[in-house]
>>> print(open('input_21.tsv').read())   # TSV, C-alpha atoms
chain	number	residue	atom	x	y	z
A	1	GLU	CA	43.50	16.69	34.79
A	2	THR	CA	46.98	15.19	34.83
A	3	ALA	CA	48.08	11.61	34.41
A	4	ASP	CA	48.55	9.54	37.52
A	5	ILE	CA	52.24	8.68	37.87
A	6	GLN	CA	52.91	5.81	40.22
A	7	ILE	CA	55.84	3.72	41.29
A	8	CYS	CA	54.74	0.09	40.97
A	9	LYS	CA	56.56	-2.49	43.06
A	10	LYS	CA	56.84	-6.27	42.75
A	11	GLU	CA	53.55	-6.92	44.53
A	12	ASP	CA	51.80	-4.56	42.07
A	13	THR	CA	53.13	-6.56	39.11
A	14	GLU	CA	52.48	-10.07	40.44
A	15	GLY	CA	53.08	-12.71	37.80
A	16	ASP	CA	55.27	-10.47	35.62
A	17	GLU	CA	58.40	-12.55	34.84
A	18	SER	CA	60.33	-9.38	33.84
A	19	CYS	CA	60.31	-8.25	37.48
A	20	ASP	CA	62.69	-9.58	40.08
A	21	GLU	CA	62.44	-9.11	43.86
A	22	SER	CA	63.48	-5.43	43.74
A	23	CYS	CA	61.55	-4.48	40.61
A	24	GLU	CA	60.13	-0.97	40.62
A	25	GLU	CA	58.63	0.67	37.58
A	26	LEU	CA	57.20	4.09	36.89
A	27	GLN	CA	53.78	3.93	35.26
A	28	LEU	CA	51.60	6.62	33.72
A	29	SER	CA	47.95	5.73	34.14
A	30	GLY	CA	44.60	7.26	33.37
A	31	ASP	CA	43.31	8.89	30.21
A	32	SER	CA	45.27	12.13	30.51
A	33	ARG	CA	48.61	12.56	28.72
A	34	TRP	CA	49.47	15.69	30.74
A	35	ILE	CA	52.02	15.78	33.55
A	36	GLU	CA	53.04	18.62	35.84
A	37	VAL	CA	56.67	19.72	35.58
A	38	THR	CA	58.94	22.23	37.24
A	39	VAL	CA	61.74	23.65	35.11
A	40	GLY	CA	64.56	25.91	36.24
A	41	LEU	CA	66.12	28.42	33.87
A	42	ILE	CA	69.47	30.16	34.13
A	43	GLY	CA	71.27	32.80	32.07
A	44	LYS	CA	71.18	36.33	30.79
A	45	GLN	CA	68.07	38.07	29.47
A	46	GLY	CA	67.30	36.73	26.01
A	47	GLN	CA	69.71	33.81	26.55
A	48	MET	CA	68.01	31.83	29.31
A	49	ARG	CA	68.67	28.11	29.20
A	50	ALA	CA	66.05	25.65	30.44
A	51	LEU	CA	67.41	22.97	32.73
A	52	GLN	CA	66.20	19.38	32.88
A	53	PRO	CA	62.57	19.26	34.07
A	54	SER	CA	61.45	17.56	37.26
A	55	ILE	CA	58.25	15.74	38.00
A	56	THR	CA	57.06	15.16	41.54
A	57	ILE	CA	55.52	11.82	42.32
A	58	ARG	CA	52.80	12.12	44.90
A	59	GLU	CA	52.81	9.62	47.70
A	60	TYR	CA	49.05	9.44	48.29
A	61	GLY	CA	45.81	11.18	47.42
A	62	SER	CA	44.79	12.77	44.14
A	63	ILE	CA	46.88	15.96	44.38
A	64	LEU	CA	50.26	16.87	45.81
A	65	THR	CA	50.13	18.03	49.39
A	66	LEU	CA	51.86	21.30	50.31
A	67	GLU	CA	54.47	19.24	52.14
A	68	GLU	CA	55.16	17.09	49.06
A	69	LYS	CA	55.46	20.20	46.90
A	70	PHE	CA	57.55	22.44	49.16
A	71	GLN	CA	59.05	20.58	52.12
A	72	GLY	CA	62.33	18.82	51.48
A	73	GLY	CA	62.39	15.07	51.97
A	74	THR	CA	58.64	14.49	51.62
A	75	GLY	CA	58.03	14.26	47.86
A	76	ILE	CA	59.85	12.21	45.25
A	77	ASN	CA	61.34	14.38	42.49
A	78	LEU	CA	62.53	12.72	39.29
A	79	THR	CA	64.98	14.77	37.24
A	80	PRO	CA	64.80	14.33	34.32
A	81	PRO	CA	61.57	12.38	33.96
A	82	PRO	CA	62.23	8.82	32.77
A	83	ALA	CA	61.95	8.13	29.03
A	84	ASP	CA	59.06	5.71	29.64
A	85	VAL	CA	57.05	8.72	30.90
A	86	ILE	CA	58.17	11.32	28.32
A	87	SER	CA	60.64	11.05	25.46
A	88	PRO	CA	63.92	12.99	25.45
A	89	ALA	CA	62.77	14.62	22.19
A	90	ALA	CA	59.61	15.94	23.86
A	91	ILE	CA	61.72	17.25	26.76
A	92	LYS	CA	64.02	19.09	24.33
A	93	THR	CA	61.01	20.65	22.55
A	94	ALA	CA	59.50	21.73	25.87
A	95	GLN	CA	62.83	23.24	26.98
A	96	MET	CA	63.05	25.23	23.74
A	97	ARG	CA	59.50	26.52	24.23
A	98	LEU	CA	60.26	27.50	27.82
A	99	GLU	CA	63.40	29.37	26.70
A	100	ILE	CA	61.26	31.32	24.21
A	101	THR	CA	58.77	32.04	26.99
A	102	ALA	CA	61.56	33.26	29.28
A	103	GLY	CA	62.80	35.58	26.52
A	104	ALA	CA	59.32	36.98	25.91
A	105	LEU	CA	58.92	37.64	29.64
A	106	GLY	CA	62.35	39.29	29.94
A	107	LEU	CA	63.61	36.86	32.57
A	108	SER	CA	67.27	36.91	33.58
A	109	GLY	CA	69.53	35.37	36.22
A	110	PHE	CA	67.50	32.39	37.29
A	111	ALA	CA	63.83	31.51	37.31
A	112	ARG	CA	61.46	28.61	37.73
A	113	ILE	CA	58.46	27.78	35.56
A	114	ASP	CA	55.78	25.32	36.62
A	115	ALA	CA	53.73	23.96	33.76
A	116	PHE	CA	51.51	21.19	32.52
A	117	LEU	CA	53.34	19.30	29.77
A	118	HIS	CA	51.70	17.02	27.22
A	119	VAL	CA	53.94	13.94	27.02
A	120	ASP	CA	53.28	13.30	23.33
A	121	THR	CA	53.24	16.80	21.80
A	122	ALA	CA	55.37	18.80	24.31
A	123	GLU	CA	52.56	21.37	24.42
A	124	LEU	CA	52.82	23.51	27.55
A	125	ILE	CA	50.27	25.22	29.75
A	126	ILE	CA	52.11	27.61	32.05
A	127	ILE	CA	50.93	27.46	35.67
A	128	GLU	CA	53.37	29.86	37.31
A	129	VAL	CA	56.51	31.82	36.48
A	130	ASN	CA	58.69	32.60	39.46
A	131	SER	CA	61.37	35.17	38.59
A	132	ILE	CA	63.02	34.89	42.02
A	133	PRO	CA	62.47	31.31	43.21
A	134	GLY	CA	63.63	30.26	46.63
A	135	LEU	CA	66.99	28.56	46.90
A	136	THR	CA	66.25	26.43	49.93
A	137	PRO	CA	67.60	22.90	50.34
A	138	SER	CA	64.22	21.56	49.13
A	139	THR	CA	64.39	23.33	45.74
A	140	VAL	CA	64.79	21.12	42.67
A	141	LEU	CA	66.88	23.75	40.86
A	142	PHE	CA	70.15	22.29	42.18
A	143	GLN	CA	69.08	18.78	41.21
A	144	GLN	CA	68.15	20.03	37.73
A	145	ALA	CA	71.45	21.88	37.28
A	146	MET	CA	73.42	18.79	38.27
A	147	ALA	CA	71.36	16.62	35.86
A	148	GLU	CA	72.59	18.59	32.85
A	149	SER	CA	74.87	16.85	30.30
A	150	ASN	CA	77.58	19.20	31.63
A	151	PRO	CA	76.57	19.27	35.30
A	152	ILE	CA	76.38	22.65	37.00
A	153	LEU	CA	77.45	22.23	40.62
A	154	PRO	CA	75.72	24.37	43.26
A	155	GLU	CA	78.79	26.63	43.63
A	156	GLN	CA	78.83	27.26	39.85
A	157	PHE	CA	75.06	27.81	39.89
A	158	PHE	CA	75.35	30.50	42.58
A	159	LYS	CA	78.34	32.10	40.83
A	160	SER	CA	76.39	32.32	37.57
A	161	ILE	CA	73.46	33.99	39.35
A	162	VAL	CA	75.72	36.53	41.10
A	163	ASP	CA	77.71	37.24	37.91
A	164	THR	CA	74.52	37.83	35.91
A	165	ALA	CA	73.13	40.11	38.63
A	166	ALA	CA	76.41	42.06	38.84
A	167	GLU	CA	76.44	42.62	35.07
A	168	GLY	CA	72.91	43.99	35.30
A	169	VAL	CA	73.84	46.72	37.77
A	170	MET	CA	77.10	47.85	36.22
>>> encode(input="input_21.tsv", output="structure tokens")
Amino acid sequence: ETADIQICKKEDTEGDESCDESCEELQLSGDSRWIEVTVGLIGKQGQMRALQPSITIREYGSILTLEEKFQGGTGINLTPPPADVISPAAIKTAQMRLEITAGALGLSGFARIDAFLHVDTAELIIIEVNSIPGLTPSTVLFQQAMAESNPILPEQFFKSIVDTAAEGVM
């Protein structure tokens, strides 16, 4: 079971003086400290680099709908997750663990790993490894690449993928 992540608006925080008219806050609720993340990886085999993770906020119901998960414009993706949900240190630890996982699996070029991430310990439970994820407009890989401290623009992202693939066949 994962934590319930909600966007709370002014009417949800009635009487809270710290909120103004446009106040919105991300809240983790429930007993679980696990969240579901999607993380893109890019690079050569044995040197894959994990990008900033994304979390998808569901709009209603207890699980993400297929539309929220895969159809562009229907879900809310936060990249990287806000520090009040998971600390930057836990994100860095999770990225390191995912890079080790990518190396152990022999991934290269680009990939996507979906996982459950414990927000306190950065423990991971891998859900799915996609060694050739789709690059449709609804993918979060571009958003993750641009969220890096040195942003990777889509053109650079594609060039890196092609260059890595070309090196593998030569």
>>> closest_residue(input="input_21.tsv", among="A:Leu117, A:Ala145, A:Val140, A:Ala122", to="A:Ala90", atoms="all atoms listed in the file")
A:Ala122
>>> atom_distance(input="input_21.tsv", atom1="atom CA of A:Thr164", atom2="atom CA of A:Thr93")
25.6 Å
>>> closest_residue(input="input_21.tsv", among="A:Glu24, A:Asp120, A:Asp114, A:Glu99", to="A:Gln47", atoms="only C-alpha atoms")
A:Glu99
>>> closest_residue(input="input_21.tsv", among="A:Val129, A:Ala3, A:Leu51, A:Ala83", to="A:Met146", atoms="only C-alpha atoms")
A:Leu51
>>> closest_residue(input="input_21.tsv", among="A:Glu1, A:Asp31, A:Ile113, A:Phe157", to="A:Thr101", atoms="all atoms listed in the file")
A:Ile113
>>> closest_residue(input="input_21.tsv", among="A:Arg33, A:Lys159, A:Arg112, A:His118", to="A:Thr139", atoms="all atoms listed in the file")
A:Arg112
>>> closest_residue(input="input_21.tsv", among="A:Gln144, A:Ser32, A:Gln6, A:Ser149", to="A:Val119", atoms="only C-alpha atoms")
A:Ser32
>>> residues_around(input="input_21.tsv", residues="A:Leu135", least_positions_apart="6", cutoff="12 Å", atoms="only C-alpha atoms", output="mmCIF file with C-alpha atoms, in the frame of the given file")
data_model
loop_
_atom_site.group_PDB
_atom_site.id
_atom_site.type_symbol
_atom_site.label_atom_id
_atom_site.label_comp_id
_atom_site.auth_asym_id
_atom_site.auth_seq_id
_atom_site.Cartn_x
_atom_site.Cartn_y
_atom_site.Cartn_z
ATOM 1 C CA GLY A 40 64.560 25.910 36.240
ATOM 2 C CA PHE A 70 57.550 22.440 49.160
ATOM 3 C CA GLY A 72 62.330 18.820 51.480
ATOM 4 C CA PHE A 110 67.500 32.390 37.290
ATOM 5 C CA ALA A 111 63.830 31.510 37.310
ATOM 6 C CA ARG A 112 61.460 28.610 37.730
ATOM 7 C CA LEU A 141 66.880 23.750 40.860
ATOM 8 C CA PHE A 142 70.150 22.290 42.180
ATOM 9 C CA GLN A 143 69.080 18.780 41.210
ATOM 10 C CA PRO A 154 75.720 24.370 43.260
ATOM 11 C CA PHE A 157 75.060 27.810 39.890
ATOM 12 C CA PHE A 158 75.350 30.500 42.580
ATOM 13 C CA ILE A 161 73.460 33.990 39.350
#
>>> axis_aligned_box(input="input_21.tsv", around="stretch 30-35 of chain A", padding_each_side="5 Å", output="JSON")
{"center_x": 47.7, "center_y": 11.5, "center_z": 31.1, "size_x": 18.7, "size_y": 18.5, "size_z": 14.8}
>>> residues_around(input="input_21.tsv", residues="A:Gln52", least_positions_apart="3", cutoff="8 Å", atoms="only C-alpha atoms", output="PDB file with C-alpha atoms, in the coordinates of the input")
ATOM      1  CA  VAL A  39      61.740  23.650  35.110  1.00  0.00           C
ATOM      2  CA  GLY A  40      64.560  25.910  36.240  1.00  0.00           C
ATOM      3  CA  THR A  79      64.980  14.770  37.240  1.00  0.00           C
ATOM      4  CA  PRO A  80      64.800  14.330  34.320  1.00  0.00           C
ATOM      5  CA  ILE A  91      61.720  17.250  26.760  1.00  0.00           C
ATOM      6  CA  GLN A  95      62.830  23.240  26.980  1.00  0.00           C
ATOM      7  CA  GLN A 144      68.150  20.030  37.730  1.00  0.00           C
ATOM      8  CA  ALA A 145      71.450  21.880  37.280  1.00  0.00           C
ATOM      9  CA  ALA A 147      71.360  16.620  35.860  1.00  0.00           C
ATOM     10  CA  GLU A 148      72.590  18.590  32.850  1.00  0.00           C
TER      11      GLU A 148
END
>>> atom_distance(input="input_21.tsv", atom1="atom CA of A:Gly109", atom2="atom CA of A:Thr121")
28.6 Å
>>> residues_around(input="input_21.tsv", residues="A:Glu36", least_positions_apart="3", cutoff="7 Å", atoms="all atoms listed in the file", output="number ranges by chain")
A: 55, 115-117
>>> atom_distance(input="input_21.tsv", atom1="atom CA of A:Glu123", atom2="atom CA of A:Gly46")
21.3 Å
>>> residues_around(input="input_21.tsv", residues="A:Val162", least_positions_apart="5", cutoff="12 Å", atoms="all atoms listed in the file", output="list in words")
Ile42, Gly43, Lys44, Ser108, Gly109, Phe110, Glu155, Gln156, Phe157, Glu167, Gly168 and Val169 of chain A
>>> residues_around(input="input_21.tsv", residues="A:Leu26", least_positions_apart="2", cutoff="9 Å", atoms="all atoms listed in the file", output="ChimeraX atom specification")
/A:5-8,24,28,82,84-85
>>> decode(input="input_21.tsv", residues="stretch 104-130 of chain A", atoms="N, CA and C atoms", output="tab-separated table (two decimals), in the first residue's frame")
chain	number	residue	atom	x	y	z
A	104	ALA	N	23.59	-3.80	-13.01
A	104	ALA	CA	23.42	-5.25	-12.81
A	104	ALA	C	22.58	-5.87	-13.92
A	105	LEU	N	21.64	-5.09	-14.46
A	105	LEU	CA	20.76	-5.59	-15.52
A	105	LEU	C	21.36	-5.39	-16.92
A	106	GLY	N	22.48	-4.69	-17.00
A	106	GLY	CA	23.12	-4.46	-18.30
A	106	GLY	C	22.39	-3.47	-19.18
A	107	LEU	N	21.68	-2.53	-18.58
A	107	LEU	CA	20.94	-1.54	-19.36
A	107	LEU	C	21.89	-0.55	-20.02
A	108	SER	N	21.50	-0.05	-21.19
A	108	SER	CA	22.28	0.99	-21.86
A	108	SER	C	21.36	1.83	-22.73
A	109	GLY	N	21.82	3.02	-23.09
A	109	GLY	CA	21.01	3.93	-23.91
A	109	GLY	C	20.08	4.72	-23.02
A	110	PHE	N	18.86	4.25	-22.91
A	110	PHE	CA	17.90	4.87	-22.01
A	110	PHE	C	16.95	3.80	-21.52
A	111	ALA	N	16.40	4.02	-20.35
A	111	ALA	CA	15.49	3.06	-19.75
A	111	ALA	C	14.59	3.79	-18.77
A	112	ARG	N	13.58	3.09	-18.31
A	112	ARG	CA	12.69	3.64	-17.29
A	112	ARG	C	12.45	2.56	-16.26
A	113	ILE	N	12.54	2.93	-14.99
A	113	ILE	CA	12.25	2.00	-13.90
A	113	ILE	C	11.12	2.58	-13.07
A	114	ASP	N	10.08	1.77	-12.88
A	114	ASP	CA	8.99	2.12	-11.97
A	114	ASP	C	9.24	1.36	-10.67
A	115	ALA	N	9.08	2.04	-9.56
A	115	ALA	CA	9.38	1.41	-8.28
A	115	ALA	C	8.55	2.03	-7.16
A	116	PHE	N	8.43	1.27	-6.08
A	116	PHE	CA	7.93	1.82	-4.83
A	116	PHE	C	9.15	2.31	-4.07
A	117	LEU	N	9.07	3.50	-3.52
A	117	LEU	CA	10.19	4.13	-2.82
A	117	LEU	C	9.74	4.51	-1.41
A	118	HIS	N	10.50	4.05	-0.42
A	118	HIS	CA	10.21	4.42	0.97
A	118	HIS	C	10.78	5.81	1.20
A	119	VAL	N	9.94	6.76	1.61
A	119	VAL	CA	10.36	8.15	1.69
A	119	VAL	C	11.38	8.43	2.80
A	120	ASP	N	11.47	7.55	3.78
A	120	ASP	CA	12.42	7.77	4.88
A	120	ASP	C	13.75	7.05	4.66
A	121	THR	N	13.70	5.83	4.12
A	121	THR	CA	14.91	5.00	4.01
A	121	THR	C	15.48	4.91	2.60
A	122	ALA	N	14.72	5.37	1.60
A	122	ALA	CA	15.08	5.25	0.18
A	122	ALA	C	15.15	3.80	-0.28
A	123	GLU	N	14.56	2.89	0.50
A	123	GLU	CA	14.46	1.50	0.06
A	123	GLU	C	13.58	1.45	-1.18
A	124	LEU	N	13.93	0.56	-2.11
A	124	LEU	CA	13.19	0.44	-3.36
A	124	LEU	C	12.62	-0.95	-3.53
A	125	ILE	N	11.44	-1.02	-4.08
A	125	ILE	CA	10.86	-2.27	-4.56
A	125	ILE	C	10.57	-2.04	-6.03
A	126	ILE	N	11.30	-2.73	-6.89
A	126	ILE	CA	11.18	-2.53	-8.33
A	126	ILE	C	9.85	-3.14	-8.81
A	127	ILE	N	9.09	-2.35	-9.55
A	127	ILE	CA	7.83	-2.81	-10.14
A	127	ILE	C	8.08	-3.29	-11.56
A	128	GLU	N	8.77	-2.45	-12.34
A	128	GLU	CA	8.97	-2.75	-13.75
A	128	GLU	C	10.22	-2.06	-14.24
A	129	VAL	N	10.97	-2.77	-15.10
A	129	VAL	CA	12.11	-2.18	-15.79
A	129	VAL	C	11.78	-2.21	-17.27
A	130	ASN	N	11.80	-1.05	-17.89
A	130	ASN	CA	11.49	-0.95	-19.31
A	130	ASN	C	12.76	-0.51	-20.03
